[in-house]
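Quick look at entry-v9.txt (compact mmCIF, C-alpha atoms and all ligand atoms):
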# COMPACT_ATOMS: atom_id res chain seq x y z
CA MET A 1 29.71 30.44 -19.55
CA GLY A 2 26.76 28.18 -20.30
CA GLY A 3 29.11 25.25 -19.87
CA ARG A 4 30.11 26.42 -16.42
CA ILE A 5 26.50 26.88 -15.35
CA GLY A 6 25.72 23.46 -16.75
CA TYR A 7 28.57 21.97 -14.80
CA ALA A 8 27.48 23.70 -11.59
CA ALA A 9 23.90 22.52 -12.03
CA GLY A 10 25.11 19.02 -12.78
CA ALA A 11 27.33 19.01 -9.72
CA ALA A 12 24.49 20.28 -7.55
CA LEU A 13 22.21 17.59 -8.92
CA ALA A 14 24.80 14.90 -8.31
CA LEU A 15 25.29 16.20 -4.78
CA SER A 16 21.56 16.26 -4.03
CA VAL A 17 21.12 12.76 -5.44
CA GLY A 18 24.03 11.62 -3.31
CA LEU A 19 22.53 13.24 -0.23
CA ALA A 20 19.14 11.72 -0.96
CA VAL A 21 20.71 8.28 -1.24
CA ALA A 22 22.64 8.85 1.97
CA ALA A 23 19.49 10.08 3.73
CA THR A 24 17.53 7.08 2.55
CA GLY A 25 20.16 4.79 3.98
CA ALA A 26 20.34 6.62 7.28
CA LEU A 27 16.66 7.24 7.86
CA ALA A 28 15.20 4.29 6.00
CA HIS A 29 12.22 6.26 4.73
CA ASN A 30 11.37 9.66 3.43
CA THR A 31 7.88 9.76 2.03
CA HIS A 32 6.16 13.02 1.13
CA GLY A 33 9.10 14.72 2.81
CA GLU A 34 8.46 12.89 6.07
CA THR A 35 11.29 11.17 7.87
CA ALA A 36 11.21 8.58 10.61
CA THR A 37 14.03 7.64 12.94
CA THR A 38 12.61 5.22 15.53
CA PRO A 39 11.86 1.60 14.58
CA GLY A 40 8.13 2.09 15.28
CA ALA A 41 7.91 5.25 13.18
CA LYS A 42 9.90 3.65 10.36
CA ALA A 43 7.51 0.70 10.32
CA ALA A 44 4.49 3.02 10.35
CA LEU A 45 5.85 5.06 7.46
CA ALA A 46 6.84 1.99 5.43
CA ARG A 47 3.35 0.63 6.04
CA HIS A 48 1.82 3.85 4.78
CA ASP A 49 3.92 3.57 1.59
CA ASN A 50 2.82 -0.01 1.13
CA PHE A 51 -0.86 0.82 1.49
CA GLU A 52 -0.40 3.59 -1.07
CA ARG A 53 1.16 1.01 -3.40
CA MET A 54 -1.81 -1.28 -2.82
CA GLY A 55 -4.28 1.50 -3.50
CA ALA A 56 -2.42 2.43 -6.69
CA ALA A 57 -2.37 -1.20 -7.89
CA PHE A 58 -6.08 -1.61 -7.17
CA LYS A 59 -6.83 1.65 -8.98
CA ARG A 60 -4.71 0.58 -11.96
CA LEU A 61 -6.62 -2.70 -12.09
CA ASN A 62 -10.01 -1.01 -11.89
CA ASP A 63 -9.11 1.64 -14.44
CA GLU A 64 -8.05 -1.11 -16.84
CA LEU A 65 -11.24 -3.12 -16.26
CA ARG A 66 -13.30 -0.06 -17.16
CA LYS A 67 -11.78 0.07 -20.65
CA GLY A 68 -13.59 -1.41 -23.63
CA SER A 69 -11.01 -4.11 -24.03
CA PRO A 70 -8.82 -4.38 -20.94
CA ASP A 71 -5.16 -5.28 -21.42
CA LYS A 72 -4.83 -8.69 -19.77
CA ALA A 73 -1.16 -8.09 -19.03
CA VAL A 74 -1.97 -4.94 -17.04
CA VAL A 75 -4.76 -6.78 -15.21
CA ALA A 76 -2.47 -9.70 -14.37
CA GLN A 77 0.41 -7.46 -13.34
CA SER A 78 -1.65 -5.28 -11.02
CA ALA A 79 -3.42 -8.28 -9.48
CA GLY A 80 -0.04 -9.94 -8.96
CA GLN A 81 1.23 -6.85 -7.22
CA LEU A 82 -1.82 -6.87 -4.95
CA LYS A 83 -1.19 -10.50 -4.07
CA THR A 84 2.45 -9.85 -3.24
CA LEU A 85 1.55 -6.89 -1.05
CA ALA A 86 -1.34 -8.66 0.69
CA GLY A 87 1.01 -11.54 1.46
CA GLN A 88 3.46 -9.16 3.11
CA MET A 89 0.80 -7.30 5.09
CA PRO A 90 1.13 -9.37 8.28
CA THR A 91 4.69 -8.04 8.65
CA TRP A 92 3.60 -4.40 8.41
CA PHE A 93 2.17 -4.09 11.91
CA PRO A 94 4.92 -4.72 14.44
CA ARG A 95 3.94 -3.85 17.99
CA GLY A 96 4.83 -0.26 18.79
CA SER A 97 4.16 1.04 15.26
CA GLY A 98 0.81 2.65 16.02
CA GLN A 99 -0.05 6.27 16.76
CA GLU A 100 2.37 6.23 19.69
CA ALA A 101 5.13 5.97 17.09
CA ARG A 102 3.66 8.09 14.30
CA PRO A 103 0.78 10.37 15.33
CA LYS A 104 -0.45 10.56 11.72
CA SER A 105 -0.83 6.79 11.62
CA GLU A 106 -4.39 5.61 11.05
CA ALA A 107 -3.75 2.26 12.69
CA LYS A 108 -6.13 1.74 15.61
CA ALA A 109 -4.89 0.15 18.83
CA ASN A 110 -7.35 -2.76 18.40
CA ILE A 111 -5.04 -4.11 15.67
CA TRP A 112 -2.88 -5.30 18.55
CA THR A 113 -5.47 -5.80 21.29
CA ASP A 114 -7.73 -7.80 18.95
CA ALA A 115 -4.91 -9.51 17.08
CA ALA A 116 -7.04 -12.58 16.30
CA GLY A 117 -9.73 -10.49 14.65
CA PHE A 118 -7.17 -8.46 12.76
CA ASN A 119 -5.39 -11.58 11.54
CA ALA A 120 -8.70 -13.03 10.36
CA ALA A 121 -9.41 -9.82 8.43
CA SER A 122 -5.99 -9.86 6.79
CA SER A 123 -6.33 -13.57 5.96
CA ASN A 124 -9.65 -12.80 4.30
CA LEU A 125 -7.94 -10.19 2.15
CA GLN A 126 -5.27 -12.71 1.16
CA VAL A 127 -7.94 -15.24 0.17
CA GLN A 128 -9.87 -12.70 -1.92
CA VAL A 129 -6.75 -11.33 -3.57
CA ALA A 130 -5.46 -14.83 -4.36
CA LYS A 131 -8.72 -15.52 -6.21
CA LEU A 132 -8.39 -12.21 -8.01
CA GLN A 133 -4.82 -12.97 -9.06
CA GLN A 134 -5.68 -16.50 -10.27
CA LEU A 135 -8.48 -15.18 -12.45
CA ALA A 136 -6.25 -12.41 -13.75
CA ALA A 137 -3.40 -14.82 -14.53
CA ALA A 138 -5.89 -16.97 -16.45
CA GLY A 139 -7.01 -13.94 -18.48
CA ASP A 140 -10.58 -14.30 -17.20
CA ILE A 141 -11.59 -10.65 -17.36
CA GLU A 142 -15.25 -11.27 -16.46
CA GLY A 143 -14.13 -13.36 -13.51
CA VAL A 144 -11.76 -10.63 -12.36
CA LYS A 145 -14.56 -8.07 -12.64
CA ALA A 146 -16.77 -10.22 -10.44
CA GLN A 147 -13.99 -10.67 -7.91
CA VAL A 148 -13.31 -6.94 -7.52
CA ARG A 149 -16.26 -6.42 -5.16
CA PRO A 150 -15.34 -9.09 -2.59
CA THR A 151 -11.76 -7.87 -2.76
CA GLY A 152 -12.75 -4.26 -2.10
CA GLY A 153 -15.08 -5.58 0.61
CA ALA A 154 -12.09 -7.18 2.33
CA CYS A 155 -10.23 -3.84 2.21
CA LYS A 156 -13.25 -2.02 3.60
CA GLY A 157 -14.03 -4.60 6.28
CA CYS A 158 -10.64 -4.05 7.80
CA HIS A 159 -10.74 -0.26 7.41
CA ASP A 160 -14.11 -0.02 9.13
CA LYS A 161 -12.86 -1.84 12.19
CA TYR A 162 -9.14 -1.23 12.43
CA ARG A 163 -8.46 2.11 10.75
CA VAL A 164 -9.11 5.51 12.27
CA GLN A 165 -12.23 6.96 10.66
CA LYS A 166 -11.66 10.14 8.70
CA GLU A 167 -13.60 13.15 9.96
CA SER A 168 -15.54 13.54 6.72
C1 LIG A 201 -8.82 1.14 -2.91
C2 LIG A 201 -8.24 1.75 -1.79
C3 LIG A 201 -8.85 1.26 -0.71
C4 LIG A 201 -9.84 0.24 -1.09
C5 LIG A 201 -11.19 0.45 -0.52
C6 LIG A 201 -12.13 -0.64 -0.94
O1 LIG A 201 -8.52 1.34 -4.05
O2 LIG A 201 -7.26 2.64 -1.79
O3 LIG A 201 -8.60 1.60 0.51
O4 LIG A 201 -9.83 0.27 -2.50
O5 LIG A 201 -11.70 1.68 -0.90
O6 LIG A 201 -13.36 -0.51 -0.32
Write-out of the structure in structure tokens:
Amino acid sequence: MGGRIGYAAGAALALSVGLAVAATGALAHNTHGETATTPGAKAALARHDNFERMGAAFKRLNDELRKGSPDKAVVAQSAGQLKTLAGQMPTWFPRGSGQEARPKSEAKANIWTDAAGFNAASSNLQVQVAKLQQLAAAGDIEGVKAQVRPTGGACKGCHDKYRVQKES
């Protein structure tokens, strides 16, 4: 009896995994239960995932730096992840991926109407993150600590201008 229930549960699990894989392929993204079908919405949702990854990597870095003796490998790995993501960021904002595509998007229209300003802000992030990653790769924990503020400043500079302000 238990064996049969186990088999049924296993089969159901296999089926749901299979469906999830199929859904991922068909819909490209399914984050927090949200699905996107149009190219603009897919880009907006993928972008949201990527910013969550960036936030998580920055948090992991900062949490490590707060420890008495930070693990240099964790510092280097999280800074490297930030550099990779920051380098990809210019591809995350295709035209048509704003609120018109995903109403929950926090991307303001000036990202596209003030493309030069937005590109400058994203270049600044890349510069700050590259410094962060170099210091981290060199194991210079004090240097990394000092570079956290300009890096966070680059995040914030862009948010203040190009991201929808939260109500509170
Ligand atoms: C983070 C995160 C951001 C930035 C920003 C820096 O960890 O998720 O959006 O740092 O708060 O000012």
key: Among listed residues A:Lys145, A:Thr91, A:Lys156, A:Leu85, nearest A:Lys67 (using only C-alpha atoms)   =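 Of A:Lys145, A:Thr91, A:Lys156, A:Leu85, the one nearest A:Lys67, counting only C-alpha atoms, is A:Lys145.
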ask   = If we count only C-alpha atoms, what is near A:Gly117 at a cut-off of 12 Å, once residues fewer than 6 positions away on the same chain are taken out, given as a PyMOL selection string?
value = chain A and resi 110-111+123-124+157-158+161-162
key: Between atom CA of A:Ala115 and atom CA of A:Glu52, distance in Å (one decimal)   =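 Answer for the atom CA of A:Ala115 to atom CA of A:Glu52 separation: 22.8 Å.
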Straight-line distance linking atom CA of A:Gln128 with atom CA of A:Ser105, stated in Å to one decimal =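 Result for atom CA of A:Gln128 versus atom CA of A:Ser105: 25.4 Å, one decimal.
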Taking only C-alpha atoms and all ligand atoms into account, list the residues no farther than 12 Å from ligand LIG 201 (chain A), as a PDB file with C-alpha atoms, in the coordinates of the input.
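result_38.pdb written:
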ATOM      1  CA  HIS A  48       1.820   3.850   4.780  1.00  0.00           C
ATOM      2  CA  ASP A  49       3.920   3.570   1.590  1.00  0.00           C
ATOM      3  CA  ASN A  50       2.820  -0.010   1.130  1.00  0.00           C
ATOM      4  CA  PHE A  51      -0.860   0.820   1.490  1.00  0.00           C
ATOM      5  CA  GLU A  52      -0.400   3.590  -1.070  1.00  0.00           C
ATOM      6  CA  ARG A  53       1.160   1.010  -3.400  1.00  0.00           C
ATOM      7  CA  MET A  54      -1.810  -1.280  -2.820  1.00  0.00           C
ATOM      8  CA  GLY A  55      -4.280   1.500  -3.500  1.00  0.00           C
ATOM      9  CA  ALA A  56      -2.420   2.430  -6.690  1.00  0.00           C
ATOM     10  CA  ALA A  57      -2.370  -1.200  -7.890  1.00  0.00           C
ATOM     11  CA  PHE A  58      -6.080  -1.610  -7.170  1.00  0.00           C
ATOM     12  CA  LYS A  59      -6.830   1.650  -8.980  1.00  0.00           C
ATOM     13  CA  ARG A  60      -4.710   0.580 -11.960  1.00  0.00           C
ATOM     14  CA  LEU A  61      -6.620  -2.700 -12.090  1.00  0.00           C
ATOM     15  CA  ASN A  62     -10.010  -1.010 -11.890  1.00  0.00           C
ATOM     16  CA  ASP A  63      -9.110   1.640 -14.440  1.00  0.00           C
ATOM     17  CA  SER A  78      -1.650  -5.280 -11.020  1.00  0.00           C
ATOM     18  CA  LEU A  82      -1.820  -6.870  -4.950  1.00  0.00           C
ATOM     19  CA  LEU A 125      -7.940 -10.190   2.150  1.00  0.00           C
ATOM     20  CA  VAL A 148     -13.310  -6.940  -7.520  1.00  0.00           C
ATOM     21  CA  ARG A 149     -16.260  -6.420  -5.160  1.00  0.00           C
ATOM     22  CA  PRO A 150     -15.340  -9.090  -2.590  1.00  0.00           C
ATOM     23  CA  THR A 151     -11.760  -7.870  -2.760  1.00  0.00           C
ATOM     24  CA  GLY A 152     -12.750  -4.260  -2.100  1.00  0.00           C
ATOM     25  CA  GLY A 153     -15.080  -5.580   0.610  1.00  0.00           C
ATOM     26  CA  ALA A 154     -12.090  -7.180   2.330  1.00  0.00           C
ATOM     27  CA  CYS A 155     -10.230  -3.840   2.210  1.00  0.00           C
ATOM     28  CA  LYS A 156     -13.250  -2.020   3.600  1.00  0.00           C
ATOM     29  CA  GLY A 157     -14.030  -4.600   6.280  1.00  0.00           C
ATOM     30  CA  CYS A 158     -10.640  -4.050   7.800  1.00  0.00           C
ATOM     31  CA  HIS A 159     -10.740  -0.260   7.410  1.00  0.00           C
ATOM     32  CA  ASP A 160     -14.110  -0.020   9.130  1.00  0.00           C
ATOM     33  CA  ARG A 163      -8.460   2.110  10.750  1.00  0.00           C
TER      34      ARG A 163
END
request  = Measure the distance from atom CA of A:Trp92 to atom CA of A:Ala146 in Å and round it to one decimal.
outcome  =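 These two atoms are separated by 28.4 Å.
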key: Nearest to A:Gly40 by atom-to-atom distance, counting all atoms listed in the file, from A:Ala101, A:Ala79, A:Ala86, A:Val144   = A:Ala101
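With all atoms listed in the file taken into account, the protein and nucleic acid residues at most 12 Å from A:Pro39 (excluding it and anything under 3 positions from it in its own chain) are Leu27, Ala28, His29, Thr35, Ala36, Lys42, Ala43, Ala44, Leu45, Ala46, Trp92, Phe93, Pro94, Arg95, Gly96, Ser97, Gly98, Glu100, Ala101 and Arg102 of chain A.
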Please define a box with edges along x, y and z of the file around all atoms of stretch 72-87 of chain A given in the file, extend it by 4 Å on each side, and return its centre and edge lengths in Å to one decimal, as JSON.
{"center_x": -1.2, "center_y": -8.2, "center_z": -9.2, "size_x": 15.3, "size_y": 14.6, "size_z": 29.2}
message = Taking only C-alpha atoms into account, name the residue in A:Arg66, A:Thr37, A:Pro90, A:Gln81 that is nearest to A:Ala121.
response =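 Between A:Arg66, A:Thr37, A:Pro90, A:Gln81, the residue approaching A:Ala121 most closely is A:Pro90.
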